[in-house]
Each structure stands twice: as structure tokens, then as C-alpha cells.
Amino acid sequence: MPEDKAHFKCLRCEAEFELPYTPGKLEERECPKCESNSVRRLKTPPTGQED
Amino acid sequence: MADVGRHPNIELLTLSEVKEVSGHVGNFRVKVKRHARYVDEKECTACGDCVEVCPQVGPDEFNFGLVHRHAIYQPFPQAIPAAFVLDMETCLGNNPRACGKCAEACEKHCINLDAVDSDVEFTVGTIVIATGMEPFDPLGMTEYGYGRMKNVITAMEFERLASSGGPTGGDIRRFSDGKTPKSIAFIQCVGSRCEGPGNSYCGNICCMNTIKDTLLLKDHWPEIDVTVYYIDLRAFGKGFEEMLKRSRQLGVRYIRGIPGEVEENEDQSLTLHVENTETGLVEQHQADMVVLATGVQPRAEAHDLNKLLSLQLHPEGFLLEAHPKLQPVDSPVRGIFYAGCAEGPKDIKETVTQASAAAGRAVRLMSQGEIAADPYTVEVNEDKCKACGLCLKVCPYGAFEWEKGAKAEPIEALCAGCGTCAAECRFEAITPHQFSDAQIVAQVEASLSQDPEQKAVVFACNWCSYAAADTAGVSRFQYPANQVLIRTMCSGRVDEKFILRAFELGAPIVLVSGCHFVDCHYIDANRQTVRRVEKLWDKLESWGIRPARLQLEWISSAQGQRFQKTMEELERLRREVTPREIAHTRRILKQKLHPPKPKKQARRKGVAAHA
Ligand SMILES: [Zn+2]
């Protein structure tokens, strides 16, 4: 399965960041800023960061 | 080993491969493929007549390919059973038969070149996994020249050279010229504790193995100059520090620094470039032979085994135990135990200890004749079950009998009680005997019956996050007191409807918390939690409810401070939710969860018809 990066948003501190992402693979993710696990993948990348 | 071969209650299946395991504790059904040996192991006396006439040779695996063996061979002198085996890949072939000299030479007619693989199936009460490890292969670490330079060898190859049963009869000789080396350098941590090629963890056995080798060298060849290059020496445990001290006293040099490069000189001796961290200097040392103290790693088959038995792997690739402190030899599946390096790198003493413990655990279980199962199992309502099979798909233990088109039936002996199936069943056909929907919803309703806007609802799994709350309490970590803790056995039990019910009753914030991925007490049930929460975030957003009001945290039982911090953060998030937002959410959920019945429309139509 291809491992790529995706945009994520922390639902606790609202930080946005990139993390490795493999479609279909469930992983333990952590916000690099506040260490929360309430990390949600953004289906559309944030403005100005489109790839 | 000989005792195992002779024991009347032990059936030893060599050259065999486990293909399928089904069933549960007390009743595992195991299918095994027995590869053809081509030699009757009961009749063969290992006389060696067949070997003498065999024209084919291949690398001797037991001696790490340092020497060759014939196509028909005995793997090693103490092998059980003490019978020869024919390696058909090295042989000239039996179909069509190209040689057959071995069969002609065997006076007892033990060799059958037409033998074929066979399948056997049997039932066992318990299973002990002792599949071991494999040494790290340093070919990828080009800086040490292994594979290119004849006098760079691994610790396991050194072991074979030093063995009286090995290819040199116990003489330490250089591969380049067969001479006894005047100096030997050991490089520690090769393939261990590193980022690049190799493994991040400590190999556990390499330091003491090297110290043992230095003592052996100084005992037999005191004139050999021995140097050990290390990061730090891990000689913990009874008698180990003494061995290190003795090694130093016998003149072995210990240099704190790992060589960055090994170069081959013209005479095939070696130059080691090393930063000596004690002097701070980059030094060049000479050695006639270099031994790489390679680490250990999980066998490649561990991954297949893990799938075959519904077990879980540690991120390092070793099999994960049920509990690292309290159940170190138990797998997460009842009736399956671990012994040895399949579970993690360990030395002989630790392996024997664990193997004895595993045997004890297995015997204790079986000697009872029957087992007491936890009451945390489930029942399926046949009328509601739509035979979709989702329960079996999400169950970490495969604890359902189900075939396409048939209703699911729980296997109580296999069920561990995580409740994931009940949370996932779309038809509400599964009821756990404990922690039922009605019980949990009643807790949600009771806890939000007064001032719901002041509260945060926390679903906490029994083993980790609920225990973390205890740890926080025992440690006197202060946190806001307005959280309502609702315990479930696993976060996988937290049904979407519990969360939505909490929001519907006015909860500003809901937290789902459980074990970290590696700690999940139900193999990997908390992966279903993630999937469910992610889906619910999407659903809430599409309904106009802020997804951030549903939080997700992994908190282990030891993380009292993390629990405290999470509760403080929940309180901060709770304060951000306004009464207006709560009222809006309640309105939306009322519409979504309890839509008006279409009855009204029919009446209107009726009215229109009469008009
Ligand atoms: Zn964050």
C-alpha cells in the first residue's frame, strides 16, 4: 500500500500539520503541538498548501 | 532435546508447517503440512552410507554456509530425530529420477524418493509458540565490509568456528589464509539501536555473548589480542558484571566507540576507523579478524503466524503479550502462550524461564478439565440478525460462527468481551451480557439528568483510561470534577448512539478514551474505535455540529498526568460551547434521530382526497 502524507487537524488545539498516511490503514496519531489523539484528516488541504 | 524426542506424550513433527488454526482454548483445530523427508525417520540409523555416495552439495545452513553439506544429510549431529533428510532442491531430482544412488546404498531401504508432502490435522487444548528469532544480516551495512572482506564475520559465524562440532573443529582461523589471527576486534550493536539499516531496539544478548567469546578466546589463545568496540556495555544480571570484570582482567581492551568504517589491507587484515569517545580522538586500529556482534530480529514468519492465530505484533515485529508485566507469557488469545525469542530478544536463561512458565500456564489450564469463562460475552438475537457477517469481520478473535446467508452464532469460549460487535451491529442484534446498550444509555441519561451543560461525558475503557483515572486519583493529581466517567470494557464498545444520546441530552463535550494501540487488551479492537469516531466526525460536521465536541484520547493506565491534562483540556473545550450551540445541537439531533413519522403525510393525502 502506498504510504504518503496527508493534512491533519487537531480537534483540541486546532493546529494543522502533515503526517504519514496510508489509505485504509488505521494508525495511532498524535498532534505534534498538544499531543492530543483527536487528530482528524482534512479531506481538502488547507488554502495555500494545495498539492 | 533427546528427552523431547523420546517422551511418550510428545509427538514431534519436523519439516512441518502450520497452515491453519481454528477453534478456541481447549479445542484448537490445527492443520499442518508435513513436507516429505524422503527418509523413514523411524528406520534410519544415521549410518551415513547414503551421504558417501551423494554427488550433490549445497550450503550447510547450520554452519551459516561456512561449509557445504550433501543433498542427503543430517542437519546437525544432535538433531532430533536422529535421521537423515533429503533436500530435494539440492538433489539432482526425483521426477524424473536423475540419480537415486542414496536409495541404492541404503541397506535398510529407508529412502523413498517418491515420498510426497502430506497434511495432518489434530485437536489441541493449548498452543505454545516458540518460533524463535533470526540473526540480523549485516550485508546491508556496507561500512563494515561484511560479504566483501573475508575476515569480517558475524558473531554467529564465530560461534560455529569456536564450536568443537563446527567446520574447523573449534579452531579459530581466518577465512583468507586459514591462519590463527593475532588480533580480533568485536564491534557491538551491529544492526541494533540504529536508525539506518537494522533495528531500533537493543538485541539484549550481544554484549554478554561477546564477553563470553572474549573469555573463551583468552582461555584457549591467551596470545590473541582482543578488542571490543561498544556504545555502552549492558552486563546486567547475576554474575554478568563479574564476567565483564574477568574479561578486562585477562587483558581484553574495551574501547567506547563504534568504528565508522572497516578497510581491508593488502594482506587482508583490517583497519578500523573509530572515534574513541573516551579520548575524543579519531583513531585507526588494526585487526586480523573482525567479528560483528549482530543483533536479533523477529523471524519473517512471525507476521504469518500473527494472522493465523489472530495475535498482535509489537511495532518491532515480535509477538505482543497479553500484559507486559502481569501476563508476560500469555498471548491476547486465551490458551495461546509464548516461549522464547518469538516474544522478544532474550538469552538462554530467560528463554528457559519463559518456556517453563508457558508450559506451566498451559498445563494449569488443561489439568482443570474445564475452564471458567468471563461473563463478558454476547448473545445474538436471531430475529434481528440479518446474517451480514459484520460481527465476525470486526471481532479481533473471530469469535462467531458465520457463513454467508446464515445467522451469526457467538463462540463464548473465544469471546473476550470487548463488545465491538455490539457497537458495530447495524441491526442491534447483539446484546452483551454485561455493559448492554440499555445499561450504558441509562448511565448517560442519569449523568446528564441535571445541568448537562456543566458536564463532559467521558467513555473510559476498563484497562487503560479508567485505570489512568485511578492513577491520577491515587497520585493526587487535581482535575475538574465535572466530568462524568462511564466505563466500558473496551473503547471499541462505545456505540455511536451512546455519543449521540449524550449530545442530544445537552452534553457540551464527549470524550472516547482507550488504550494506546500497542496496549489494546482486545488485540486491535480500538482500531474500530478510530474508524467509528472518524466516521462520526464526518457525520457531525455534515449535520452542522462541530466535530471538535467529540474528542478521542489514548491514555494508558500509568498515564495519570495525561489523564489530568486531558480532563483540564476537556473543561477548557466545554467552556467554549455556548448554551445556544447546545440548543442548536439538540434541535438537529431531534430531527435526525427522531424524524417525524410519515403517518402525517398519509392523513394529509386522505384529507386532500376527500376535499
Ligand atoms: Zn493539538
# chains A, B, ... in the order shown; residues from 1 in each chain; ligands from 1
call {"tool": "interface_residues", "arguments": {"of": "chain B", "to": "chain A", "cutoff": "12 Å", "atoms": "only C-alpha atoms", "output": "ChimeraX atom specification"}}
result
/B:315,509-520,524-538,541,546-555,562-563,565-574,576
call {"tool": "write_last_selection", "arguments": {"atoms": "N, CA and C atoms", "output": "short mmCIF file (atom, residue, chain, number, x, y, z; two decimals), in the first residue's frame"}}
result
data_model
loop_
_atom_site.label_atom_id
_atom_site.label_comp_id
_atom_site.auth_asym_id
_atom_site.auth_seq_id
_atom_site.Cartn_x
_atom_site.Cartn_y
_atom_site.Cartn_z
N PRO B 315 5.36 -3.14 17.52
CA PRO B 315 5.90 -2.42 16.37
C PRO B 315 7.27 -2.94 15.92
N ILE B 509 -19.50 18.34 25.59
CA ILE B 509 -18.32 17.63 25.11
C ILE B 509 -18.44 16.15 25.44
N VAL B 510 -18.00 15.31 24.51
CA VAL B 510 -17.93 13.86 24.77
C VAL B 510 -16.51 13.40 24.44
N LEU B 511 -15.95 12.60 25.34
CA LEU B 511 -14.62 12.03 25.07
C LEU B 511 -14.73 10.51 25.00
N VAL B 512 -14.09 9.96 23.97
CA VAL B 512 -13.95 8.50 23.90
C VAL B 512 -12.48 8.22 24.18
N SER B 513 -12.20 7.43 25.20
CA SER B 513 -10.80 7.18 25.54
C SER B 513 -10.55 5.69 25.71
N GLY B 514 -9.34 5.29 25.38
CA GLY B 514 -8.99 3.86 25.46
C GLY B 514 -7.50 3.67 25.56
N CYS B 515 -7.08 2.45 25.27
CA CYS B 515 -5.65 2.10 25.38
C CYS B 515 -4.90 2.59 24.14
N HIS B 516 -3.62 2.88 24.32
CA HIS B 516 -2.77 3.14 23.15
C HIS B 516 -2.82 1.89 22.25
N PHE B 517 -2.54 2.09 20.97
CA PHE B 517 -2.67 0.97 20.02
C PHE B 517 -1.93 -0.29 20.49
N VAL B 518 -0.69 -0.12 20.95
CA VAL B 518 0.09 -1.32 21.32
C VAL B 518 -0.44 -1.97 22.59
N ASP B 519 -1.24 -1.25 23.36
CA ASP B 519 -1.71 -1.79 24.64
C ASP B 519 -3.10 -2.40 24.58
N CYS B 520 -3.75 -2.32 23.42
CA CYS B 520 -5.15 -2.75 23.36
C CYS B 520 -5.30 -4.15 23.95
N ASP B 524 -6.82 -5.72 18.67
CA ASP B 524 -6.80 -4.45 17.94
C ASP B 524 -8.21 -3.85 17.86
N ALA B 525 -9.02 -4.15 18.88
CA ALA B 525 -10.40 -3.66 18.86
C ALA B 525 -10.46 -2.14 18.80
N ASN B 526 -9.44 -1.45 19.37
CA ASN B 526 -9.54 0.02 19.38
C ASN B 526 -9.31 0.64 18.00
N ARG B 527 -8.89 -0.16 17.02
CA ARG B 527 -8.85 0.36 15.63
C ARG B 527 -10.28 0.64 15.16
N GLN B 528 -11.22 -0.19 15.62
CA GLN B 528 -12.62 0.04 15.25
C GLN B 528 -13.12 1.33 15.90
N THR B 529 -12.57 1.65 17.07
CA THR B 529 -12.94 2.91 17.74
C THR B 529 -12.56 4.08 16.85
N VAL B 530 -11.34 4.04 16.33
CA VAL B 530 -10.84 5.14 15.49
C VAL B 530 -11.74 5.28 14.25
N ARG B 531 -12.02 4.14 13.64
CA ARG B 531 -12.81 4.16 12.42
C ARG B 531 -14.19 4.79 12.70
N ARG B 532 -14.76 4.38 13.83
CA ARG B 532 -16.10 4.85 14.18
C ARG B 532 -16.08 6.34 14.50
N VAL B 533 -15.09 6.77 15.28
CA VAL B 533 -15.01 8.19 15.66
C VAL B 533 -14.76 9.05 14.41
N GLU B 534 -13.89 8.58 13.52
CA GLU B 534 -13.63 9.35 12.29
C GLU B 534 -14.91 9.51 11.47
N LYS B 535 -15.67 8.43 11.38
CA LYS B 535 -16.94 8.50 10.63
C LYS B 535 -17.92 9.46 11.30
N LEU B 536 -17.90 9.41 12.63
CA LEU B 536 -18.84 10.26 13.37
C LEU B 536 -18.46 11.74 13.26
N TRP B 537 -17.16 12.03 13.20
CA TRP B 537 -16.72 13.42 12.99
C TRP B 537 -17.32 13.94 11.68
N ASP B 538 -17.24 13.10 10.64
CA ASP B 538 -17.79 13.50 9.33
C ASP B 538 -19.30 13.72 9.43
N GLU B 541 -20.20 16.87 11.34
CA GLU B 541 -19.92 18.06 10.52
C GLU B 541 -21.01 18.25 9.47
N ARG B 546 -20.20 20.87 15.49
CA ARG B 546 -18.73 20.93 15.47
C ARG B 546 -18.11 19.59 15.85
N PRO B 547 -17.29 19.00 14.95
CA PRO B 547 -16.67 17.71 15.28
C PRO B 547 -15.80 17.77 16.53
N ALA B 548 -15.24 18.96 16.83
CA ALA B 548 -14.32 19.07 17.98
C ALA B 548 -15.02 18.79 19.31
N ARG B 549 -16.35 18.74 19.28
CA ARG B 549 -17.04 18.43 20.54
C ARG B 549 -16.95 16.94 20.87
N LEU B 550 -16.50 16.17 19.91
CA LEU B 550 -16.23 14.74 20.17
C LEU B 550 -14.71 14.55 20.17
N GLN B 551 -14.17 14.24 21.32
CA GLN B 551 -12.72 14.10 21.45
C GLN B 551 -12.33 12.62 21.56
N LEU B 552 -11.08 12.34 21.20
CA LEU B 552 -10.57 10.96 21.24
C LEU B 552 -9.19 10.99 21.89
N GLU B 553 -8.97 10.16 22.90
CA GLU B 553 -7.65 10.13 23.55
C GLU B 553 -7.26 8.70 23.92
N TRP B 554 -5.98 8.40 23.75
CA TRP B 554 -5.42 7.13 24.22
C TRP B 554 -4.63 7.43 25.49
N ILE B 555 -5.03 6.82 26.58
CA ILE B 555 -4.37 7.09 27.87
C ILE B 555 -4.08 5.75 28.53
N ARG B 562 -1.39 12.40 32.09
CA ARG B 562 -2.04 12.61 30.81
C ARG B 562 -3.56 12.67 31.01
N PHE B 563 -4.05 11.82 31.92
CA PHE B 563 -5.48 11.85 32.22
C PHE B 563 -5.85 13.23 32.79
N LYS B 565 -4.29 16.09 32.43
CA LYS B 565 -4.18 17.14 31.40
C LYS B 565 -5.40 17.07 30.45
N THR B 566 -5.78 15.83 30.10
CA THR B 566 -6.93 15.67 29.19
C THR B 566 -8.19 16.24 29.83
N MET B 567 -8.39 15.98 31.12
CA MET B 567 -9.59 16.48 31.81
C MET B 567 -9.57 18.01 31.86
N GLU B 568 -8.41 18.58 32.08
CA GLU B 568 -8.31 20.05 32.11
C GLU B 568 -8.64 20.63 30.74
N GLU B 569 -8.14 19.95 29.70
CA GLU B 569 -8.40 20.42 28.34
C GLU B 569 -9.88 20.27 27.98
N LEU B 570 -10.48 19.18 28.46
CA LEU B 570 -11.91 18.97 28.20
C LEU B 570 -12.72 20.10 28.81
N GLU B 571 -12.30 20.53 30.01
CA GLU B 571 -13.01 21.61 30.70
C GLU B 571 -12.87 22.92 29.90
N ARG B 572 -11.66 23.13 29.35
CA ARG B 572 -11.46 24.33 28.53
C ARG B 572 -12.39 24.28 27.31
N LEU B 573 -12.45 23.11 26.67
CA LEU B 573 -13.30 22.96 25.48
C LEU B 573 -14.78 23.10 25.87
N ARG B 574 -15.13 22.59 27.04
CA ARG B 574 -16.54 22.65 27.49
C ARG B 574 -16.99 24.11 27.63
N GLU B 576 -16.07 26.55 26.02
CA GLU B 576 -16.23 27.22 24.71
C GLU B 576 -17.59 26.92 24.07
#
call {"tool": "residues_around", "arguments": {"residues": "Phe240 in chain B", "least_positions_apart": "6", "cutoff": "10 Å", "atoms": "only C-alpha atoms", "output": "VMD selection string"}}
result
chain B and resid 207 to 208 211 to 212 234 246
call {"tool": "write_last_selection", "arguments": {"atoms": "all heavy atoms", "output": "CSV table (one decimal), in the first residue's frame"}}
result
chain,number,residue,atom,x,y,z
B,207,CYS,N,25.9,-8.1,24.0
B,207,CYS,CA,27.0,-7.7,24.9
B,207,CYS,C,27.6,-9.0,25.7
B,207,CYS,O,28.8,-9.2,25.7
B,207,CYS,CB,26.6,-6.7,25.9
B,207,CYS,SG,26.4,-5.1,25.2
B,208,MET,N,26.7,-9.7,26.3
B,208,MET,CA,27.1,-10.9,27.1
B,208,MET,C,27.7,-12.0,26.2
B,208,MET,O,28.6,-12.7,26.6
B,208,MET,CB,26.0,-11.4,27.9
B,208,MET,CG,25.6,-10.5,29.1
B,208,MET,SD,27.0,-9.8,30.0
B,208,MET,CE,27.9,-11.2,30.6
B,211,ILE,N,31.2,-10.9,25.5
B,211,ILE,CA,32.1,-11.0,26.7
B,211,ILE,C,32.4,-12.5,26.9
B,211,ILE,O,33.6,-12.9,27.2
B,211,ILE,CB,31.4,-10.4,27.9
B,211,ILE,CG1,31.3,-8.9,27.8
B,211,ILE,CG2,32.1,-10.8,29.2
B,211,ILE,CD1,30.4,-8.2,28.8
B,212,LYS,N,31.4,-13.4,26.7
B,212,LYS,CA,31.6,-14.8,26.7
B,212,LYS,C,32.7,-15.3,25.7
B,212,LYS,O,33.6,-16.0,26.0
B,212,LYS,CB,30.3,-15.5,26.5
B,212,LYS,CG,30.3,-17.0,26.7
B,212,LYS,CD,30.1,-17.9,25.4
B,212,LYS,CE,29.3,-17.4,24.3
B,212,LYS,NZ,29.4,-18.1,23.1
B,234,ARG,N,26.1,-3.6,28.3
B,234,ARG,CA,24.9,-4.0,29.1
B,234,ARG,C,25.1,-5.3,29.8
B,234,ARG,O,24.6,-6.3,29.2
B,234,ARG,CB,23.6,-3.9,28.2
B,234,ARG,CG,23.5,-2.5,27.7
B,234,ARG,CD,22.3,-2.2,26.9
B,234,ARG,NE,22.2,-0.8,26.7
B,234,ARG,CZ,21.1,-0.2,26.0
B,234,ARG,NH1,20.2,-0.9,25.6
B,234,ARG,NH2,21.1,1.1,25.9
B,246,ARG,N,36.2,-10.0,34.7
B,246,ARG,CA,37.2,-11.0,34.4
B,246,ARG,C,37.8,-10.9,33.0
B,246,ARG,O,39.0,-11.0,32.8
B,246,ARG,CB,36.6,-12.4,34.5
B,246,ARG,CG,37.6,-13.6,34.7
B,246,ARG,CD,37.0,-14.7,35.6
B,246,ARG,NE,35.7,-15.1,35.1
B,246,ARG,CZ,35.5,-16.1,34.3
B,246,ARG,NH1,36.6,-16.7,33.8
B,246,ARG,NH2,34.3,-16.5,33.9
call {"tool": "residues_around", "arguments": {"residues": "range 281-291 of chain B", "least_positions_apart": "2", "cutoff": "8 Å", "atoms": "only C-alpha atoms", "output": "CSV table (one decimal) with all heavy atoms, in the first residue's frame"}}
result
chain,number,residue,atom,x,y,z
B,151,ASN,N,37.7,-11.7,6.1
B,151,ASN,CA,38.0,-11.8,7.6
B,151,ASN,C,37.0,-11.0,8.4
B,151,ASN,O,37.3,-10.8,9.6
B,151,ASN,CB,39.4,-11.5,7.9
B,151,ASN,CG,40.3,-12.5,7.2
B,151,ASN,OD1,40.0,-13.7,7.1
B,151,ASN,ND2,41.5,-12.0,6.6
B,152,VAL,N,35.9,-10.5,7.8
B,152,VAL,CA,34.9,-9.9,8.6
B,152,VAL,C,33.7,-10.9,8.7
B,152,VAL,O,33.2,-11.4,7.7
B,152,VAL,CB,34.3,-8.6,8.0
B,152,VAL,CG1,33.2,-8.0,8.8
B,152,VAL,CG2,35.4,-7.6,7.8
B,153,ILE,N,33.4,-11.4,10.0
B,153,ILE,CA,32.4,-12.4,10.1
B,153,ILE,C,31.4,-11.9,11.2
B,153,ILE,O,31.6,-11.0,11.9
B,153,ILE,CB,33.1,-13.8,10.6
B,153,ILE,CG1,33.8,-13.6,11.9
B,153,ILE,CG2,34.0,-14.3,9.5
B,153,ILE,CD1,34.2,-15.0,12.5
B,154,THR,N,30.3,-12.7,11.3
B,154,THR,CA,29.3,-12.3,12.3
B,154,THR,C,29.6,-13.1,13.6
B,154,THR,O,30.3,-14.1,13.6
B,154,THR,CB,27.9,-12.6,11.8
B,154,THR,OG1,27.7,-14.0,11.7
B,154,THR,CG2,27.6,-11.9,10.5
B,155,ALA,N,28.9,-12.7,14.6
B,155,ALA,CA,29.1,-13.4,15.9
B,155,ALA,C,28.6,-14.9,15.8
B,155,ALA,O,29.2,-15.7,16.4
B,155,ALA,CB,28.3,-12.7,17.0
B,158,PHE,N,31.3,-16.8,14.2
B,158,PHE,CA,32.4,-17.0,15.1
B,158,PHE,C,32.0,-18.2,16.1
B,158,PHE,O,32.8,-19.0,16.4
B,158,PHE,CB,32.6,-15.7,16.0
B,158,PHE,CG,33.7,-15.9,17.0
B,158,PHE,CD1,35.0,-15.6,16.7
B,158,PHE,CD2,33.4,-16.2,18.3
B,158,PHE,CE1,36.0,-15.8,17.6
B,158,PHE,CE2,34.4,-16.4,19.2
B,158,PHE,CZ,35.7,-16.1,18.9
B,174,ARG,N,41.4,-17.7,10.2
B,174,ARG,CA,41.0,-16.7,9.3
B,174,ARG,C,40.5,-17.4,8.0
B,174,ARG,O,41.1,-18.4,7.5
B,174,ARG,CB,42.1,-15.7,8.9
B,174,ARG,CG,42.7,-15.0,10.1
B,174,ARG,CD,43.2,-13.7,9.7
B,174,ARG,NE,44.1,-13.6,8.5
B,174,ARG,CZ,44.5,-12.5,8.0
B,174,ARG,NH1,44.2,-11.3,8.5
B,174,ARG,NH2,45.3,-12.5,6.9
B,181,PRO,N,44.3,-15.9,13.8
B,181,PRO,CA,44.5,-14.5,13.9
B,181,PRO,C,45.3,-14.0,15.1
B,181,PRO,O,45.2,-14.7,16.2
B,181,PRO,CB,43.1,-13.9,13.9
B,181,PRO,CG,42.2,-15.0,14.5
B,181,PRO,CD,42.9,-16.3,14.0
B,182,LYS,N,46.1,-13.0,14.9
B,182,LYS,CA,46.9,-12.5,16.1
B,182,LYS,C,46.0,-11.5,16.9
B,182,LYS,O,46.3,-11.2,18.0
B,182,LYS,CB,48.2,-11.8,15.6
B,182,LYS,CG,49.2,-12.8,15.1
B,182,LYS,CD,50.5,-12.2,14.9
B,182,LYS,CE,51.6,-13.2,14.5
B,182,LYS,NZ,51.4,-13.5,13.0
B,183,SER,N,45.1,-10.9,16.2
B,183,SER,CA,44.2,-9.9,16.9
B,183,SER,C,42.8,-10.0,16.3
B,183,SER,O,42.6,-10.2,15.1
B,183,SER,CB,44.8,-8.5,16.6
B,183,SER,OG,44.9,-8.2,15.2
B,184,ILE,N,41.9,-9.9,17.2
B,184,ILE,CA,40.4,-9.9,16.8
B,184,ILE,C,39.7,-8.7,17.4
B,184,ILE,O,39.9,-8.4,18.6
B,184,ILE,CB,39.8,-11.2,17.4
B,184,ILE,CG1,40.5,-12.5,16.8
B,184,ILE,CG2,38.3,-11.3,17.0
B,184,ILE,CD1,39.9,-13.8,17.2
B,185,ALA,N,38.9,-8.1,16.6
B,185,ALA,CA,38.1,-6.9,17.1
B,185,ALA,C,36.6,-7.3,17.0
B,185,ALA,O,36.2,-7.9,16.0
B,185,ALA,CB,38.4,-5.7,16.2
B,186,PHE,N,35.9,-7.0,18.1
B,186,PHE,CA,34.5,-7.2,18.1
B,186,PHE,C,33.8,-5.9,18.0
B,186,PHE,O,34.1,-5.0,18.8
B,186,PHE,CB,34.1,-7.9,19.5
B,186,PHE,CG,34.4,-9.3,19.6
B,186,PHE,CD1,35.7,-9.7,20.0
B,186,PHE,CD2,33.5,-10.3,19.3
B,186,PHE,CE1,36.0,-11.1,20.1
B,186,PHE,CE2,33.8,-11.7,19.4
B,186,PHE,CZ,35.1,-12.0,19.8
B,187,ILE,N,32.9,-5.7,17.1
B,187,ILE,CA,32.1,-4.5,17.0
B,187,ILE,C,30.7,-4.7,17.5
B,187,ILE,O,30.0,-5.6,17.0
B,187,ILE,CB,32.1,-3.9,15.6
B,187,ILE,CG1,33.5,-3.7,15.0
B,187,ILE,CG2,31.3,-2.6,15.5
B,187,ILE,CD1,33.5,-3.2,13.6
B,268,GLN,N,45.0,-8.6,3.7
B,268,GLN,CA,43.6,-9.0,4.1
B,268,GLN,C,43.3,-8.9,5.6
B,268,GLN,O,42.4,-9.4,6.1
B,268,GLN,CB,43.2,-10.4,3.5
B,268,GLN,CG,43.0,-10.3,2.0
B,268,GLN,CD,42.5,-11.6,1.4
B,268,GLN,OE1,43.1,-12.6,1.6
B,268,GLN,NE2,41.3,-11.5,0.8
B,269,SER,N,44.3,-8.2,6.3
B,269,SER,CA,44.0,-7.8,7.6
B,269,SER,C,43.1,-6.5,7.5
B,269,SER,O,42.9,-6.1,6.4
B,269,SER,CB,45.3,-7.5,8.4
B,269,SER,OG,45.9,-6.4,7.9
B,270,LEU,N,42.7,-6.0,8.6
B,270,LEU,CA,41.7,-4.9,8.6
B,270,LEU,C,42.1,-3.7,9.4
B,270,LEU,O,42.7,-3.8,10.4
B,270,LEU,CB,40.3,-5.5,9.1
B,270,LEU,CG,39.9,-6.7,8.3
B,270,LEU,CD1,39.2,-7.7,9.2
B,270,LEU,CD2,39.1,-6.4,7.1
B,271,THR,N,41.7,-2.5,8.8
B,271,THR,CA,41.9,-1.3,9.6
B,271,THR,C,40.6,-0.7,10.0
B,271,THR,O,39.7,-0.6,9.2
B,271,THR,CB,42.6,-0.2,8.7
B,271,THR,OG1,43.9,-0.8,8.3
B,271,THR,CG2,42.9,1.1,9.4
B,272,LEU,N,40.5,-0.4,11.3
B,272,LEU,CA,39.2,0.1,11.8
B,272,LEU,C,39.4,1.6,12.1
B,272,LEU,O,40.3,2.0,12.8
B,272,LEU,CB,38.8,-0.6,13.1
B,272,LEU,CG,38.4,-2.1,12.9
B,272,LEU,CD1,39.5,-3.0,12.9
B,272,LEU,CD2,37.4,-2.5,14.1
B,273,HIS,N,38.5,2.4,11.6
B,273,HIS,CA,38.5,3.8,11.8
B,273,HIS,C,37.4,4.1,12.9
B,273,HIS,O,36.2,3.8,12.7
B,273,HIS,CB,38.1,4.6,10.6
B,273,HIS,CG,39.1,4.4,9.5
B,273,HIS,ND1,40.2,5.2,9.3
B,273,HIS,CD2,39.2,3.4,8.5
B,273,HIS,CE1,40.9,4.7,8.2
B,273,HIS,NE2,40.3,3.6,7.7
B,274,VAL,N,37.9,4.6,14.1
B,274,VAL,CA,37.0,4.7,15.2
B,274,VAL,C,37.2,6.0,16.0
B,274,VAL,O,38.3,6.4,16.2
B,274,VAL,CB,37.1,3.5,16.1
B,274,VAL,CG1,38.5,3.3,16.7
B,274,VAL,CG2,36.1,3.6,17.3
B,275,GLU,N,36.1,6.6,16.4
B,275,GLU,CA,36.2,7.8,17.3
B,275,GLU,C,36.1,7.2,18.7
B,275,GLU,O,35.1,6.7,19.1
B,275,GLU,CB,35.0,8.8,17.0
B,275,GLU,CG,35.2,10.0,17.9
B,275,GLU,CD,34.0,10.9,18.0
B,275,GLU,OE1,33.0,10.6,17.2
B,275,GLU,OE2,34.0,11.8,18.8
B,276,ASN,N,37.3,7.3,19.4
B,276,ASN,CA,37.3,6.8,20.7
B,276,ASN,C,36.7,7.9,21.6
B,276,ASN,O,37.3,9.0,21.8
B,276,ASN,CB,38.8,6.6,21.1
B,276,ASN,CG,38.9,6.0,22.5
B,276,ASN,OD1,38.0,6.2,23.4
B,276,ASN,ND2,40.0,5.3,22.7
B,277,THR,N,35.5,7.7,22.1
B,277,THR,CA,34.8,8.8,22.8
B,277,THR,C,35.4,9.0,24.2
B,277,THR,O,35.0,10.0,24.9
B,277,THR,CB,33.3,8.4,23.0
B,277,THR,OG1,33.2,7.2,23.7
B,277,THR,CG2,32.6,8.3,21.7
B,279,THR,N,38.8,9.3,24.6
B,279,THR,CA,39.9,10.2,24.4
B,279,THR,C,39.5,11.4,23.5
B,279,THR,O,40.2,12.4,23.4
B,279,THR,CB,41.1,9.5,23.7
B,279,THR,OG1,40.6,9.0,22.4
B,279,THR,CG2,41.6,8.4,24.5
B,293,ALA,N,29.1,-8.1,16.2
B,293,ALA,CA,28.1,-8.6,17.2
B,293,ALA,C,26.7,-8.2,16.7
B,293,ALA,O,26.2,-7.1,17.1
B,293,ALA,CB,28.4,-8.0,18.6
call {"tool": "residues_around", "arguments": {"residues": "Cys47 in chain B", "least_positions_apart": "6", "cutoff": "12 Å", "atoms": "only C-alpha atoms", "output": "JSON, numbers by chain"}}
result
{"B": [73, 74, 77, 82, 83, 84, 102, 105, 106, 107, 108, 110]}
call {"tool": "select_by_dssp", "arguments": {"residues": "range 344-451 of chain B", "states": "strand (DSSP E or B)", "output": "list in words"}}
result
Val378, Glu379, Val380, Phe400, Glu401, Glu409, Pro410, Ile430, Thr431 and Pro432 of chain B
call {"tool": "residues_around", "arguments": {"residues": "Ala6 in chain A", "least_positions_apart": "3", "cutoff": "6 Å", "atoms": "only C-alpha atoms", "output": "list of chain:residue names"}}
result
A:Glu18, A:Leu19, A:Tyr21
call {"tool": "select_by_dssp", "arguments": {"residues": "range 140-373 of chain B", "states": "alpha helix (DSSP H)", "output": "PyMOL selection string"}}
result
chain B and resi 155-162+206-220+240-249+302-308+348-367
call {"tool": "closest_residue", "arguments": {"among": "A:Lys33, A:Glu16, A:Asp4, A:Lys43", "to": "ligand 1", "atoms": "only C-alpha atoms and all ligand atoms"}}
result
A:Lys33
call {"tool": "atom_distance", "arguments": {"atom1": "CA of Cys206 in chain B", "atom2": "CA of Val228 in chain B"}}
result
11.7 Å
call {"tool": "atom_distance", "arguments": {"atom1": "CA of Pro298 in chain B", "atom2": "CA of Ala558 in chain B"}}
result
27.8 Å
call {"tool": "atom_distance", "arguments": {"atom1": "CA of Met88 in chain B", "atom2": "CA of Asp117 in chain B"}}
result
12.0 Å
call {"tool": "closest_residue", "arguments": {"among": "A:Lys5, A:Thr44, A:Pro23, A:Pro32", "to": "ligand 1", "atoms": "only C-alpha atoms and all ligand atoms"}}
result
A:Pro32
call {"tool": "closest_residue", "arguments": {"among": "B:Lys384, B:His314, B:His303, B:Lys31", "to": "Phe122 in chain B", "atoms": "only C-alpha atoms"}}
result
B:Lys31
